[in-house]
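Engineer: Dropping in final-v4.cif, with mmCIF, C-alpha atoms.
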```cif
data_model
loop_
_atom_site.label_atom_id
_atom_site.label_comp_id
_atom_site.auth_asym_id
_atom_site.auth_seq_id
_atom_site.Cartn_x
_atom_site.Cartn_y
_atom_site.Cartn_z
CA MET A 259 -57.49 -32.49 -166.11
CA LYS A 260 -59.48 -34.15 -168.86
CA ILE A 261 -58.18 -34.86 -172.35
CA ILE A 262 -59.27 -36.98 -175.31
CA VAL A 263 -56.55 -38.47 -177.51
CA PRO A 264 -56.67 -40.83 -180.52
CA LEU A 265 -55.29 -44.22 -179.49
CA SER A 266 -52.91 -44.36 -182.46
CA GLU A 267 -51.39 -41.02 -181.45
CA LEU A 268 -51.12 -42.00 -177.80
CA SER A 269 -49.54 -45.35 -178.64
CA LYS A 270 -46.93 -43.76 -180.90
CA LYS A 271 -45.90 -41.19 -178.29
CA MET A 272 -45.75 -43.68 -175.42
CA ASN A 273 -43.57 -46.09 -177.40
CA ALA A 274 -41.02 -43.38 -178.00
CA ILE A 275 -41.11 -41.65 -174.64
CA SER A 276 -40.86 -44.92 -172.69
CA SER A 277 -37.29 -45.35 -173.95
CA VAL A 278 -36.21 -42.39 -171.81
CA VAL A 279 -37.70 -43.69 -168.57
CA PRO A 280 -35.01 -45.56 -166.56
CA GLY A 281 -35.68 -49.26 -165.93
CA LYS A 282 -34.37 -49.07 -162.36
CA THR A 283 -34.04 -45.95 -160.25
CA THR A 284 -33.74 -44.95 -156.60
CA MET A 285 -36.02 -41.98 -157.38
CA PRO A 286 -39.55 -43.31 -158.04
CA ILE A 287 -40.62 -40.03 -159.69
CA LEU A 288 -38.22 -40.76 -162.57
CA SER A 289 -40.26 -43.85 -163.48
CA THR A 290 -43.25 -41.63 -164.27
CA VAL A 291 -44.36 -39.68 -167.30
CA LEU A 292 -45.75 -36.18 -166.79
CA VAL A 293 -49.08 -35.65 -168.55
CA SER A 294 -50.02 -31.99 -168.79
CA ALA A 295 -52.85 -30.20 -170.57
CA GLU A 296 -52.59 -26.45 -171.04
CA LYS A 297 -53.83 -23.80 -173.44
CA ASP A 298 -51.01 -24.57 -175.88
CA GLY A 299 -51.91 -28.27 -176.01
CA ILE A 300 -51.23 -31.66 -174.44
CA HIS A 301 -47.66 -32.58 -173.52
CA PHE A 302 -46.02 -35.79 -172.30
CA SER A 303 -42.63 -35.47 -170.58
CA ALA A 304 -40.09 -37.98 -169.28
CA THR A 305 -36.59 -37.68 -167.86
CA ASP A 306 -33.77 -39.67 -166.27
CA LEU A 307 -32.09 -36.40 -165.20
CA ASP A 308 -29.52 -36.75 -167.99
CA ILE A 309 -31.99 -36.88 -170.88
CA SER A 310 -35.38 -35.18 -170.98
CA VAL A 311 -38.12 -35.40 -173.61
CA THR A 312 -41.23 -33.30 -174.01
CA SER A 313 -43.60 -34.28 -176.79
CA LYS A 314 -46.83 -32.62 -177.88
CA VAL A 315 -49.76 -34.98 -178.33
CA ASN A 316 -52.63 -34.23 -180.69
CA GLY A 317 -55.96 -34.30 -178.90
CA LYS A 318 -58.75 -32.31 -177.27
CA VAL A 319 -58.41 -30.53 -173.93
CA ASP A 320 -61.68 -30.42 -171.97
CA GLU A 321 -60.03 -29.39 -168.71
CA GLY A 322 -56.45 -28.31 -168.03
CA GLY A 323 -54.14 -29.77 -165.41
CA SER A 324 -51.28 -32.20 -164.97
CA VAL A 325 -50.31 -35.41 -163.20
CA ALA A 326 -47.29 -37.76 -163.13
CA VAL A 327 -48.17 -41.42 -163.66
CA PRO A 328 -46.11 -44.65 -163.88
CA ALA A 329 -44.80 -44.71 -167.45
CA LYS A 330 -44.48 -48.49 -167.75
CA LYS A 331 -48.05 -49.18 -166.60
CA LEU A 332 -49.48 -46.42 -168.80
CA ALA A 333 -47.60 -47.85 -171.79
CA GLU A 334 -48.87 -51.38 -171.04
CA ILE A 335 -52.45 -50.15 -170.79
CA VAL A 336 -52.22 -48.17 -174.01
CA LYS A 337 -50.73 -51.18 -175.82
CA ALA A 338 -53.60 -53.40 -174.62
CA LEU A 339 -56.43 -51.06 -175.70
CA SER A 340 -58.49 -51.57 -178.84
CA LYS A 341 -58.90 -48.86 -181.47
CA GLY A 342 -60.71 -45.59 -180.87
CA GLU A 343 -60.27 -42.53 -178.69
CA VAL A 344 -58.82 -42.57 -175.20
CA THR A 345 -60.02 -40.29 -172.42
CA LEU A 346 -57.52 -39.41 -169.70
CA GLN A 347 -59.01 -37.74 -166.65
CA ALA A 348 -57.03 -36.79 -163.55
CA SER A 349 -58.49 -36.30 -160.10
CA GLY A 350 -55.85 -35.42 -157.55
CA GLU A 351 -53.06 -37.95 -158.04
CA LYS A 352 -55.21 -40.60 -159.76
CA LEU A 353 -55.58 -40.95 -163.53
CA THR A 354 -58.62 -42.59 -165.07
CA ILE A 355 -58.15 -44.07 -168.55
CA THR A 356 -61.23 -44.88 -170.61
CA CYS A 357 -61.38 -46.40 -174.09
CA GLY A 358 -64.59 -48.00 -175.35
CA LYS A 359 -65.81 -50.22 -172.51
CA SER A 360 -62.39 -50.44 -170.86
CA ARG A 361 -61.64 -48.36 -167.77
CA PHE A 362 -58.49 -48.16 -165.67
CA VAL A 363 -57.59 -46.05 -162.64
CA ILE A 364 -53.88 -45.80 -161.82
CA ASN A 365 -52.22 -44.10 -158.88
CA GLY A 366 -49.87 -41.30 -159.80
CA ARG A 367 -47.87 -38.52 -158.20
CA SER A 368 -48.27 -34.77 -157.96
CA ALA A 369 -46.93 -32.91 -161.00
CA ASP A 370 -45.01 -30.69 -158.58
CA ASP A 371 -42.76 -33.67 -157.74
CA PHE A 372 -41.69 -34.11 -161.36
CA PRO A 373 -38.20 -32.69 -162.10
CA LYS A 374 -38.10 -29.40 -163.99
CA ILE A 375 -36.86 -29.67 -167.56
CA PRO A 376 -33.52 -27.77 -167.69
CA LYS A 377 -33.11 -24.55 -169.65
CA GLN A 378 -30.16 -24.43 -172.03
CA GLN A 379 -27.84 -21.52 -172.79
CA THR A 380 -27.19 -22.09 -176.50
CA GLU A 381 -23.72 -21.37 -177.88
CA THR A 382 -24.21 -22.64 -181.43
CA SER A 383 -27.15 -23.99 -183.43
CA PHE A 384 -27.96 -25.31 -186.89
CA SER A 385 -30.60 -27.37 -188.68
CA ILE A 386 -30.34 -30.60 -190.65
CA ASP A 387 -32.70 -32.99 -192.40
CA PRO A 388 -33.55 -36.08 -190.31
CA ASP A 389 -32.64 -38.70 -192.90
CA THR A 390 -29.08 -37.42 -193.11
CA LEU A 391 -28.74 -37.07 -189.35
CA THR A 392 -30.11 -40.51 -188.47
CA GLY A 393 -27.91 -42.03 -191.18
CA LEU A 394 -24.80 -40.49 -189.60
CA ILE A 395 -25.89 -41.73 -186.18
CA SER A 396 -26.50 -45.29 -187.43
CA LYS A 397 -23.00 -45.43 -188.89
CA THR A 398 -21.35 -44.61 -185.55
CA ILE A 399 -23.55 -45.48 -182.56
CA TYR A 400 -22.78 -49.22 -182.65
CA ALA A 401 -19.10 -48.68 -181.80
CA VAL A 402 -19.69 -46.71 -178.59
CA SER A 403 -17.90 -48.12 -175.54
CA THR A 404 -19.75 -49.43 -172.48
CA ASP A 405 -16.69 -49.10 -170.23
CA LEU A 406 -17.79 -46.61 -167.56
CA THR A 407 -14.19 -46.15 -166.40
CA ARG A 408 -13.60 -44.28 -169.68
CA PRO A 409 -16.70 -42.06 -169.87
CA ALA A 410 -15.53 -40.04 -172.87
CA LEU A 411 -15.69 -43.22 -175.00
CA CYS A 412 -19.28 -43.89 -173.89
CA GLY A 413 -20.64 -41.45 -176.45
CA VAL A 414 -20.30 -40.26 -180.05
CA LEU A 415 -17.93 -37.35 -180.68
CA TRP A 416 -19.41 -34.62 -182.88
CA GLU A 417 -17.08 -32.14 -184.55
CA ILE A 418 -18.99 -29.31 -186.20
CA THR A 419 -17.57 -26.58 -188.46
CA ARG A 420 -18.95 -24.42 -191.24
CA LYS A 421 -17.70 -27.05 -193.70
CA GLY A 422 -19.71 -29.90 -192.21
CA ILE A 423 -20.02 -32.48 -189.45
CA SER A 424 -17.93 -35.47 -188.47
CA MET A 425 -18.96 -38.16 -185.98
CA VAL A 426 -16.59 -40.63 -184.32
CA SER A 427 -17.08 -43.50 -181.89
CA THR A 428 -14.74 -46.17 -180.56
CA ASP A 429 -14.61 -48.82 -177.87
CA GLY A 430 -10.91 -49.61 -178.27
CA HIS A 431 -11.57 -52.67 -180.45
CA ARG A 432 -13.15 -50.82 -183.36
CA LEU A 433 -13.68 -47.27 -184.53
CA ALA A 434 -16.30 -45.71 -186.78
CA LYS A 435 -15.93 -42.30 -188.41
CA VAL A 436 -18.31 -40.58 -190.79
CA GLU A 437 -17.91 -37.14 -192.32
CA LEU A 438 -20.60 -35.00 -193.92
CA ALA A 439 -19.21 -32.35 -196.25
CA ARG A 440 -21.98 -29.75 -196.26
CA GLU A 441 -21.82 -26.02 -195.66
CA ILE A 442 -23.43 -24.97 -192.39
CA GLU A 443 -23.96 -21.24 -192.16
CA ASP A 444 -23.22 -19.16 -189.05
CA VAL A 445 -22.17 -22.09 -186.89
CA GLU A 446 -19.35 -21.87 -184.38
CA SER A 447 -16.73 -24.63 -184.51
CA THR A 448 -17.78 -27.01 -181.75
CA LYS A 449 -16.93 -30.42 -180.30
CA ALA A 450 -19.41 -32.39 -178.18
CA ILE A 451 -19.69 -35.99 -176.93
CA ILE A 452 -23.31 -37.14 -177.15
CA PRO A 453 -24.64 -40.10 -175.08
CA PRO A 454 -26.00 -42.95 -177.23
CA LYS A 455 -29.31 -42.96 -175.35
CA ALA A 456 -29.98 -39.39 -176.51
CA LEU A 457 -29.18 -40.36 -180.10
CA SER A 458 -31.41 -43.46 -179.97
CA THR A 459 -34.22 -41.35 -178.56
CA LEU A 460 -33.75 -38.82 -181.34
CA LYS A 461 -34.00 -41.56 -183.97
CA ALA A 462 -37.28 -42.73 -182.44
CA TYR A 463 -38.84 -39.30 -182.89
CA ALA A 464 -37.18 -38.16 -186.14
CA GLU A 465 -39.38 -40.20 -188.49
CA ASN A 466 -41.62 -38.03 -190.70
CA GLU A 467 -39.89 -34.82 -189.58
CA GLU A 468 -38.80 -32.34 -192.24
CA GLU A 469 -36.06 -30.63 -190.24
CA ILE A 470 -34.31 -30.94 -186.88
CA GLN A 471 -32.98 -27.89 -185.07
CA ILE A 472 -29.86 -28.71 -183.06
CA SER A 473 -28.64 -26.39 -180.31
CA ILE A 474 -25.45 -26.96 -178.35
CA GLY A 475 -24.58 -25.34 -175.04
CA GLU A 476 -21.57 -25.62 -172.78
CA ASN A 477 -22.70 -28.88 -171.16
CA SER A 478 -25.85 -29.86 -173.06
CA ILE A 479 -27.47 -30.38 -176.44
CA SER A 480 -31.09 -30.10 -177.53
CA PHE A 481 -33.00 -31.35 -180.57
CA ASP A 482 -36.18 -29.51 -181.51
CA MET A 483 -38.71 -30.99 -183.90
CA THR A 484 -42.29 -30.18 -184.85
CA ASP A 485 -43.90 -31.59 -181.71
CA THR A 486 -40.95 -32.85 -179.67
CA SER A 487 -37.97 -31.42 -177.81
CA ILE A 488 -35.11 -33.58 -176.53
CA TYR A 489 -32.56 -32.27 -174.04
CA SER A 490 -29.42 -34.15 -173.04
CA ARG A 491 -26.36 -33.52 -170.94
CA LEU A 492 -23.06 -33.92 -172.79
CA LEU A 493 -20.41 -36.38 -171.67
CA GLU A 494 -17.20 -34.97 -170.25
CA GLY A 495 -14.07 -35.21 -172.40
CA PRO A 496 -11.53 -35.05 -173.66
CA PHE A 497 -12.11 -37.60 -176.41
CA PRO A 498 -8.90 -39.52 -177.31
CA ASN A 499 -6.87 -38.49 -180.35
CA TYR A 500 -8.51 -40.98 -182.68
CA GLU A 501 -6.52 -39.85 -185.72
CA LYS A 502 -3.51 -41.76 -184.35
CA VAL A 503 -5.25 -45.12 -184.75
CA ILE A 504 -6.42 -44.59 -188.33
CA PRO A 505 -3.90 -46.56 -190.45
CA GLU A 506 -1.85 -44.70 -193.04
CA LYS A 507 0.13 -47.59 -194.57
CA ASN A 508 -2.53 -50.23 -195.22
CA ASP A 509 -1.71 -50.83 -198.90
CA LYS A 510 -3.00 -54.41 -199.24
CA GLU A 511 -6.54 -53.97 -200.53
CA LEU A 512 -9.19 -56.68 -200.60
CA VAL A 513 -12.43 -55.82 -202.39
CA VAL A 514 -15.42 -58.07 -201.82
CA SER A 515 -19.20 -58.03 -202.11
CA LYS A 516 -20.72 -56.74 -198.89
CA ASP A 517 -23.63 -59.17 -198.98
CA SER A 518 -21.40 -62.16 -199.78
CA LEU A 519 -19.09 -61.32 -196.89
CA ALA A 520 -21.98 -60.70 -194.48
CA ASN A 521 -23.71 -63.98 -195.36
CA ALA A 522 -20.52 -66.03 -195.21
CA THR A 523 -19.49 -64.48 -191.89
CA LYS A 524 -22.91 -65.18 -190.43
CA ARG A 525 -22.83 -68.83 -191.48
CA VAL A 526 -19.25 -69.63 -190.50
CA SER A 527 -19.51 -67.87 -187.13
CA ILE A 528 -22.17 -70.35 -186.01
CA LEU A 529 -19.31 -72.57 -184.82
CA SER A 530 -17.08 -69.74 -183.54
CA ASP A 531 -15.91 -69.40 -179.95
CA SER A 532 -18.67 -68.02 -177.73
CA LEU A 533 -16.32 -65.46 -176.14
CA THR A 534 -14.10 -64.24 -178.99
CA HIS A 535 -16.41 -64.98 -181.95
CA GLN A 536 -13.21 -65.35 -183.95
CA VAL A 537 -13.35 -66.00 -187.68
CA VAL A 538 -10.09 -66.29 -189.63
CA PHE A 539 -9.96 -64.39 -192.93
CA SER A 540 -7.52 -66.05 -195.35
CA ALA A 541 -6.85 -63.79 -198.32
CA LYS A 542 -5.05 -64.92 -201.47
CA GLU A 543 -5.29 -64.03 -205.13
CA ASN A 544 -8.94 -63.44 -206.09
CA THR A 545 -10.21 -65.45 -203.10
CA LEU A 546 -11.19 -64.88 -199.49
CA THR A 547 -11.71 -67.95 -197.30
CA LEU A 548 -13.45 -67.67 -193.94
CA HIS A 549 -12.86 -70.48 -191.51
CA VAL A 550 -13.46 -71.40 -187.88
CA SER A 551 -12.09 -74.23 -185.79
CA THR A 552 -13.08 -74.75 -182.16
CA GLN A 553 -12.29 -77.81 -180.07
CA GLU A 554 -15.75 -77.89 -178.49
CA LEU A 555 -17.89 -77.28 -181.57
CA GLY A 556 -16.04 -78.24 -184.73
CA GLU A 557 -15.05 -76.55 -187.97
CA ALA A 558 -16.63 -74.38 -190.65
CA LYS A 559 -15.24 -72.96 -193.88
CA GLU A 560 -16.57 -70.90 -196.78
CA GLU A 561 -14.85 -69.41 -199.83
CA ILE A 562 -16.01 -66.27 -201.63
CA SER A 563 -14.70 -64.35 -204.63
CA ALA A 564 -12.61 -61.25 -203.94
CA ASN A 565 -10.17 -58.94 -205.62
CA PHE A 566 -6.81 -59.33 -203.88
CA SER A 567 -3.32 -59.29 -205.41
CA ALA A 568 -0.98 -59.04 -202.41
CA GLU A 569 0.88 -61.85 -200.68
CA PRO A 570 -1.44 -64.39 -199.00
CA MET A 571 -2.23 -63.63 -195.37
CA ASP A 572 -4.38 -64.86 -192.49
CA ILE A 573 -6.01 -62.46 -190.06
CA GLY A 574 -8.54 -63.08 -187.26
CA TYR A 575 -11.56 -60.89 -186.57
CA ASN A 576 -14.49 -60.85 -184.19
CA ALA A 577 -17.41 -61.90 -186.41
CA SER A 578 -19.89 -59.77 -184.44
CA TYR A 579 -17.79 -56.66 -185.05
CA ILE A 580 -17.57 -57.41 -188.76
CA MET A 581 -21.34 -57.84 -188.97
CA ASP A 582 -21.96 -54.58 -187.09
CA ILE A 583 -19.79 -52.70 -189.57
CA LEU A 584 -21.32 -54.27 -192.68
CA LYS A 585 -24.84 -53.34 -191.52
CA THR A 586 -23.88 -49.65 -191.67
CA ILE A 587 -22.44 -49.68 -195.19
CA GLU A 588 -24.79 -48.85 -198.05
CA ALA A 589 -22.48 -49.66 -200.98
CA ASP A 590 -22.59 -53.03 -202.75
CA ASP A 591 -18.87 -53.67 -202.28
CA ILE A 592 -16.47 -53.00 -199.44
CA SER A 593 -12.73 -52.39 -199.39
CA LEU A 594 -10.72 -54.01 -196.59
CA LYS A 595 -7.29 -52.37 -196.46
CA LEU A 596 -4.68 -54.40 -194.59
CA ASP A 597 -1.08 -54.11 -193.42
CA ARG A 598 -0.01 -57.02 -191.19
CA ALA A 599 -2.00 -59.70 -189.40
CA ASP A 600 -1.43 -57.95 -186.08
CA ASN A 601 -2.35 -54.42 -187.26
CA ALA A 602 -5.73 -52.74 -187.54
CA GLY A 603 -7.74 -53.23 -190.71
CA MET A 604 -9.63 -50.41 -192.41
CA ILE A 605 -13.03 -51.03 -193.98
CA GLU A 606 -14.57 -48.53 -196.40
CA PRO A 607 -17.47 -48.61 -198.85
CA VAL A 608 -16.54 -48.81 -202.53
CA ALA A 609 -18.12 -46.03 -204.59
CA GLU A 610 -20.68 -44.98 -201.97
CA GLY A 611 -20.45 -41.44 -203.36
CA GLY A 612 -22.34 -38.35 -202.28
CA ASP A 613 -21.18 -35.91 -199.62
CA ILE A 614 -20.57 -38.57 -196.95
CA LYS A 615 -17.21 -40.22 -196.27
CA HIS A 616 -17.34 -43.35 -194.13
CA VAL A 617 -14.48 -45.38 -192.65
CA CYS A 618 -14.36 -48.16 -190.02
CA ILE A 619 -11.31 -49.47 -188.18
CA ILE A 620 -11.22 -52.94 -186.62
CA MET A 621 -8.50 -54.50 -184.49
CA PRO A 622 -7.52 -58.09 -185.28
CA LEU A 623 -7.57 -61.04 -182.90
CA ARG A 624 -4.61 -63.28 -182.27
CA ILE A 625 -5.32 -66.40 -184.26
CA SER A 626 -5.94 -69.31 -181.92
#
```
Take the structure from the file and write it as C-alpha cells.

Structural biologist:
Amino acid sequence: MKIIVPLSELSKKMNAISSVVPGKTTMPILSTVLVSAEKDGIHFSATDLDISVTSKVNGKVDEGGSVAVPAKKLAEIVKALSKGEVTLQASGEKLTITCGKSRFVINGRSADDFPKIPKQQTETSFSIDPDTLTGLISKTIYAVSTDLTRPALCGVLWEITRKGISMVSTDGHRLAKVELAREIEDVESTKAIIPPKALSTLKAYAENEEEIQISIGENSISFDMTDTSIYSRLLEGPFPNYEKVIPEKNDKELVVSKDSLANATKRVSILSDSLTHQVVFSAKENTLTLHVSTQELGEAKEEISANFSAEPMDIGYNASYIMDILKTIEADDISLKLDRADNAGMIEPVAEGGDIKHVCIIMPLRIS
C-alpha cells in the first residue's frame, strides 16, 4: 500500500477518529486504526466493538492495500508533522510515514485481525440537517447518567414519529428534554437509546455536512455523511417513564437573565462545598439572591434582578448542574418554575421560538 494525503486532511480525520479508539482495552487490535486503500478511495476505520467509524480520506492511491496501526501513535506523529503532503507506505505489518524530511516507521498488525464493521438491517430511516441535529444533542447529552447499574439511563432516548423527534436524558438528579416539531416523511414510529459516545463522535464529523442520513435497526443505529459512516449499538431499555417527573403544578415563576444568572452562579460557587456544589437561591419580589456559606471556606452572596411575585422562598441547587443547563439555552432569559423548596424545579427558555421546545428539570438539594 502506498498513499499520499494532504497533512491538513489527515490531521482532521485522525482527530475525529481517535475519539472512537478505547483508551484501555484487553484486545490490542482495538487500539489500532485500519488504513485501507482501494479503487474507491482511502478509508480510515476505528472501532471499540460498540461504535465503529469509517471515514474516507482525500488523497492519491499509488498502490492498494491495508494495514492496522496504533491509532494513538499515528495521531501523535500526524500532530507533530509540519505542513505539506504525507506519504503512507505499508510493507507487511509496518507503516512508513514520510513528510518533508521526517520519516517514521511504526509496527502495525495485519488488516485481517481488524474486526469487521457490522452490517445493519434498517427498520426506519430519515435525513436531517446537521445544525439541527447537533443542537438537539447538545441540549440533552450533558444529563446522561454514568451509573452502569442503570444502563438505560446511560444514553439519550430518541422518540421518532412522522411529526418530529424528541430527545430525553436523565441521571436522576436532572432531566433534559427537547422536542423538534418537524414533519418526517415515511418514517416508522421508533424509540432508541443512543450511547453518548456515538453522539459525541457524530458531532465531531458533522461540521460542514449538508445532510445526515440516519438509519435505525433493531439493535443499532448508523449515521451516513458525505465521507463518513458511524455505526453504533443501541443501549437496552426500557427507558423510565420520564413524564412522571415533569412537574405539572409549578406555578411560581421566576424570570431572570440567563447571562446574569450564569455569571452570578459561577462567582458565588467558588466558595461552595466541593462535594455538593450547593448554592442557595433566595427568591423574593423582583430579586434573586444567590448565597453560599461553608465552614471551611467562608461565605459569598450576589443579588440579581428578577421577575418574581410569589411568596419568598429559599431553594438549594447544585451550581454545576445549573451551569450545565444554562449553557444549552439560547434565549436571553430563562424561566424557573417552582413549587416547594423540596420539589423539582423546571427551567425553560423565554421566547426561544422556532420549532424546538426545550425543558430542563433539576432536583433541589437539602439546604445545609

Engineer: Smallest atom-to-atom distance to Thr484 of chain A: which of A:Ile470, A:Ala577, A:Leu546, A:Ala541, using all atoms listed in the file?

Structural biologist: A:Ile470

Engineer: When the PyMOL selection byres ((chain A and resi 410) around 10) is applied to the structure above, which residues does it catch, written out as a PyMOL selection string?

Structural biologist: chain A and resi 402-403+405-409+411-415+427-428+451-453+492-498

Engineer: Measuring atom to atom with all atoms listed in the file, identify which of A:Ala348, A:Ile620, A:Ala599, A:Ile614 is nearest to Met581 of chain A.

Structural biologist: A:Ile620

Engineer: So which residues get picked by the PyMOL selection byres ((chain A and resi 322) around 10) here, written as a PyMOL selection string?

Structural biologist: chain A and resi 259-261+294-297+299-300+319-321+323-324+347-348

Engineer: Quick one: apply the PyMOL selection byres ((chain A and resi 422) around 6) to the file and drop the selected residues here as a PyMOL selection string.

Structural biologist: chain A and resi 419-421+423+438-441

Engineer: Here is a test: counting all atoms listed in the file, which residue of A:Asp613, A:Asp582, A:Glu334, A:Asp485 is nearest to Leu433 of chain A?

Structural biologist: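 The shortest atom-to-atom distance to Leu433 of chain A comes from A:Asp582.
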
Engineer: Have a look at A:Gly612, A:Gly366, A:Gly475, A:Pro622 and name the one nearest to Val327 of chain A; count only C-alpha atoms.

Structural biologist: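 Among A:Gly612, A:Gly366, A:Gly475, A:Pro622, it is A:Gly366 that comes nearest to Val327 of chain A.
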
Engineer: With distances taken over all atoms listed in the file, which residue among A:Val293, A:Ile587, A:Ala274, A:Ala462 lies nearest Ala609 of chain A?

Structural biologist: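 Smallest distance to Ala609 of chain A is found for A:Ile587.
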
Engineer: So which one's closest to Ser551 of chain A, A:Val344, A:Ala338, A:Met604, A:Ile625? Using only C-alpha atoms, please.

Structural biologist: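 Counting only C-alpha atoms, the residue closest to Ser551 of chain A is A:Ile625.
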
Engineer: Tell me which protein, DNA and RNA residues are within 6 Å of Met425 of chain A, counting only C-alpha atoms, leaving out same-chain ones fewer than 2 positions away, and put them as number ranges by chain.

Structural biologist: A: 415-416, 435-436

Engineer: Within 12 Å of (-57.5, -43.1, -159.6) (file coordinates; only C-alpha atoms), which protein or nucleic acid residues are there? I'd like them as a count of residues only.

Structural biologist: 20

Engineer: Please tell me which residues are no farther than 12 Å from (2.7, -58.4, -189.0) in the file, counting all atoms listed in the file, and write them as a list in words.

Structural biologist: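 These residues have at least one counted atom within 12 Å: Asn508, Met571, Asp572, Ile573, Leu596, Asp597, Arg598, Ala599, Asp600, Asn601, Ala602, Gly603, Pro622 and Arg624 of chain A.
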
Engineer: If you measure from atom CA of Ser269 of chain A to atom CA of Val336 of chain A, what distance in Å do you get, rounded to one decimal?

Structural biologist: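 Separation of atom CA of Ser269 of chain A and atom CA of Val336 of chain A: 6.0 Å.
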
Engineer: What does the distance from atom CA of Cys618 of chain A to atom CA of Thr398 of chain A come to in Å, to one decimal?

Structural biologist: 9.0 Å

Engineer: To one decimal place in Å, what is the distance between atom CA of Ala329 of chain A and atom CA of Pro286 of chain A?

Structural biologist: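 That distance, rounded to one decimal, is 10.9 Å.
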
Engineer: As JSON, please report the centre and edge lengths, rounded to one decimal in Å, of the axis-aligned box that holds all listed atoms of segment 557-574 of chain A with 8 Å of padding on each of the six sides.

Structural biologist:
```
{"center_x": -7.9, "center_y": -67.7, "center_z": -196.4, "size_x": 33.5, "size_y": 33.6, "size_z": 34.4}
```
